[in-house]
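Trainee: File name query-v2.pdb; file contents PDB, C-alpha atoms; full text below.
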ATOM      1  CA  MET A  24     -12.597  -7.511   0.686
ATOM      2  CA  VAL A  25     -10.089  -9.598  -1.208
ATOM      3  CA  GLN A  26     -10.272 -13.359  -0.896
ATOM      4  CA  LYS A  27      -7.147 -15.006   0.493
ATOM      5  CA  GLY A  28      -6.409 -17.267  -2.436
ATOM      6  CA  GLU A  29      -7.284 -14.655  -5.050
ATOM      7  CA  LEU A  30      -4.671 -12.113  -3.932
ATOM      8  CA  THR A  31      -2.019 -14.774  -3.447
ATOM      9  CA  GLY A  32      -2.741 -16.076  -6.955
ATOM     10  CA  LEU A  33      -2.458 -12.577  -8.429
ATOM     11  CA  LEU A  34       0.823 -12.048  -6.599
ATOM     12  CA  ARG A  35       2.169 -15.299  -8.064
ATOM     13  CA  GLN A  36       1.122 -14.223 -11.548
ATOM     14  CA  ALA A  37       2.736 -10.811 -11.036
ATOM     15  CA  ARG A  38       5.973 -12.502  -9.914
ATOM     16  CA  ALA A  39       5.868 -14.545 -13.118
ATOM     17  CA  GLY A  40       5.839 -11.311 -15.118
ATOM     18  CA  ASP A  41       2.119 -10.886 -15.801
ATOM     19  CA  ARG A  42       1.676  -7.077 -16.004
ATOM     20  CA  ALA A  43      -2.135  -7.379 -15.965
ATOM     21  CA  ALA A  44      -1.977  -9.276 -12.668
ATOM     22  CA  HIS A  45       0.317  -6.583 -11.291
ATOM     23  CA  ALA A  46      -2.336  -3.944 -12.066
ATOM     24  CA  ARG A  47      -5.157  -6.107 -10.713
ATOM     25  CA  VAL A  48      -3.378  -6.391  -7.358
ATOM     26  CA  PHE A  49      -3.820  -2.658  -6.858
ATOM     27  CA  GLU A  50      -7.475  -2.822  -7.918
ATOM     28  CA  GLN A  51      -8.134  -5.691  -5.522
ATOM     29  CA  VAL A  52      -6.526  -4.156  -2.431
ATOM     30  CA  TYR A  53      -7.358  -0.471  -2.973
ATOM     31  CA  ASP A  54     -10.436  -0.362  -0.702
ATOM     32  CA  GLU A  55      -8.666  -2.174   2.135
ATOM     33  CA  LEU A  56      -5.644   0.111   1.869
ATOM     34  CA  ARG A  57      -7.896   3.201   1.929
ATOM     35  CA  ALA A  58      -9.641   1.926   5.048
ATOM     36  CA  ALA A  59      -6.264   1.414   6.712
ATOM     37  CA  ALA A  60      -5.104   4.846   5.543
ATOM     38  CA  ARG A  61      -8.144   6.455   7.148
ATOM     39  CA  ARG A  62      -7.243   4.795  10.452
ATOM     40  CA  ILE A  63      -3.542   5.671  10.212
ATOM     41  CA  GLY A  64      -4.007   9.262   9.127
ATOM     42  CA  SER A  65      -6.984  10.212  11.265
ATOM     43  CA  GLY A  66      -5.036  11.601  14.236
ATOM     44  CA  PRO A  67      -5.009  15.213  15.315
ATOM     45  CA  GLY A  68      -3.244  17.485  12.873
ATOM     46  CA  ALA A  69      -3.270  14.893  10.099
ATOM     47  CA  THR A  70      -2.797  16.619   6.752
ATOM     48  CA  LEU A  71      -2.223  13.647   4.463
ATOM     49  CA  GLN A  72      -5.422  12.487   2.747
ATOM     50  CA  PRO A  73      -6.116   8.709   2.676
ATOM     51  CA  THR A  74      -6.039   8.626  -1.133
ATOM     52  CA  ALA A  75      -2.663  10.360  -1.239
ATOM     53  CA  LEU A  76      -1.316   8.015   1.433
ATOM     54  CA  VAL A  77      -2.445   4.910  -0.478
ATOM     55  CA  HIS A  78      -1.006   6.158  -3.762
ATOM     56  CA  GLU A  79       2.337   7.181  -2.273
ATOM     57  CA  ALA A  80       2.601   3.857  -0.442
ATOM     58  CA  TRP A  81       1.789   2.021  -3.683
ATOM     59  CA  LEU A  82       4.561   3.914  -5.475
ATOM     60  CA  LYS A  83       6.996   2.621  -2.839
ATOM     61  CA  LEU A  84       5.581  -0.904  -2.928
ATOM     62  CA  ALA A  85       4.860  -1.558  -6.628
ATOM     63  CA  PRO A  86       8.466  -1.882  -7.840
ATOM     64  CA  HIS A  87       9.056  -4.567  -5.208
ATOM     65  CA  LEU A  88       5.840  -6.541  -5.692
ATOM     66  CA  ASP A  89       7.872  -9.440  -7.085
ATOM     67  CA  ALA A  90       9.284 -10.083  -3.616
ATOM     68  CA  VAL A  91       5.857 -10.374  -1.955
ATOM     69  CA  HIS A  92       4.843 -13.987  -1.361
ATOM     70  CA  ASP A  93       1.230 -13.987  -0.208
ATOM     71  CA  ARG A  94      -1.668 -11.940   1.164
ATOM     72  CA  VAL A  95      -0.298 -11.663   4.707
ATOM     73  CA  HIS A  96       3.138 -10.646   3.468
ATOM     74  CA  PHE A  97       1.577  -8.084   1.103
ATOM     75  CA  PHE A  98      -0.396  -6.338   3.842
ATOM     76  CA  ALA A  99       2.602  -6.381   6.196
ATOM     77  CA  VAL A 100       4.774  -4.713   3.556
ATOM     78  CA  ALA A 101       1.977  -2.298   2.591
ATOM     79  CA  SER A 102       1.479  -1.224   6.211
ATOM     80  CA  LEU A 103       5.207  -0.610   6.548
ATOM     81  CA  ALA A 104       5.187   1.487   3.353
ATOM     82  CA  MET A 105       2.223   3.487   4.639
ATOM     83  CA  ARG A 106       3.922   4.163   7.976
ATOM     84  CA  GLN A 107       7.059   5.297   6.133
ATOM     85  CA  VAL A 108       5.003   7.698   4.005
ATOM     86  CA  VAL A 109       3.308   9.152   7.099
ATOM     87  CA  ALA A 110       6.659   9.531   8.877
ATOM     88  CA  ASN A 111       8.276  11.174   5.849
ATOM     89  CA  HIS A 112       5.321  13.524   5.471
ATOM     90  CA  ALA A 113       5.492  14.522   9.150
ATOM     91  CA  ARG A 114       9.251  14.992   8.919
ATOM     92  CA  ALA A 115       8.871  17.239   5.870
ATOM     93  CA  ALA A 116       6.126  19.290   7.542
ATOM     94  CA  ARG A 117       8.269  19.701  10.645
ATOM     95  CA  SER A 118      11.263  20.841   8.586
ATOM     96  CA  GLU A 119       9.123  23.477   6.832
ATOM     97  CA  LYS A 120       8.320  25.009  10.205
ATOM     98  CA  ARG A 121      11.997  25.554  10.976
TER
END
Can I see the file as structure tokens?

Mentor:
Amino acid sequence: MVQKGELTGLLRQARAGDRAAHARVFEQVYDELRAAARRIGSGPGATLQPTALVHEAWLKLAPHLDAVHDRVHFFAVASLAMRQVVANHARAARSEKR
């Protein structure tokens, strides 16, 4: 689990342009995001693996990491990105059936 001040500090460094801090954010939150992805994607008929969900959500989130202010804001934005990925995946699967 990521400490409150540690993630917020990394986010500040990433906003300041520190590319290493940007990469460390992902390393620090990966386990928590995977745990959330297992809960989100564990429903009946779920076909999106937790790892794929986390990585696709990160691809949506990473370019906008500069706008994230702190730990709470990060996880709120990450959960939104994960829900969008799940919804897009379900929409695409439904369109394939037609």

Trainee: Quick one: residues within 7 Å of region 57-64 of chain A, only C-alpha atoms, excluding same-chain residues fewer than 2 positions away - as an MDAnalysis selection string?

Mentor: chainID A and resid 53:55 66 69 71 73:74 76:77

Trainee: Taking 5 positions as the minimum chain separation for residues in the same chain, which residues sit within 10 Å of Glu29 (chain A) when counting all atoms listed in the file? Answer as a list in words.

Mentor: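 Neighbouring residues, sequence-local ones excluded: Leu34, Arg35, Val48, Gln51, Asp93 and Arg94 of chain A.
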
Trainee: Would you mind telling me which residue in A:Ala101, A:Ala43, A:Glu50, A:Ala37 lies nearest to Trp81 (chain A) when using all atoms listed in the file?

Mentor: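 Going through A:Ala101, A:Ala43, A:Glu50, A:Ala37 one by one, the smallest distance to Trp81 (chain A) is for A:Ala101.
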
Trainee: Between CA of Asn111 (chain A) and CA of Gln72 (chain A), what distance in Å does the model show, to one decimal?

Mentor: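 Computing the Euclidean distance for CA of Asn111 (chain A) and CA of Gln72 (chain A) yields 14.1 Å.
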
Trainee: Could you check how far CA of Leu84 (chain A) sits from CA of Thr31 (chain A), in Å to one decimal?

Mentor: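 Atom-to-atom, CA of Leu84 (chain A) and CA of Thr31 (chain A) are spaced 15.8 Å apart.
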
Trainee: Tell me, in Å to one decimal, how far CA of Leu33 (chain A) is from CA of Gln107 (chain A).

Mentor: 24.9 Å

Trainee: Smallest atom-to-atom distance to His112 (chain A): which of A:Arg38, A:Leu56, A:Ala44, A:Glu79, using all atoms listed in the file?

Mentor: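 Once distances to His112 (chain A) are computed over all atoms listed in the file, the minimum belongs to A:Glu79.
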
Trainee: I need the residue nearest Ala90 (chain A) from this list: A:Thr70, A:Ala113, A:Ala39, A:Ala46. Use all atoms listed in the file for the distance.

Mentor: A:Ala39
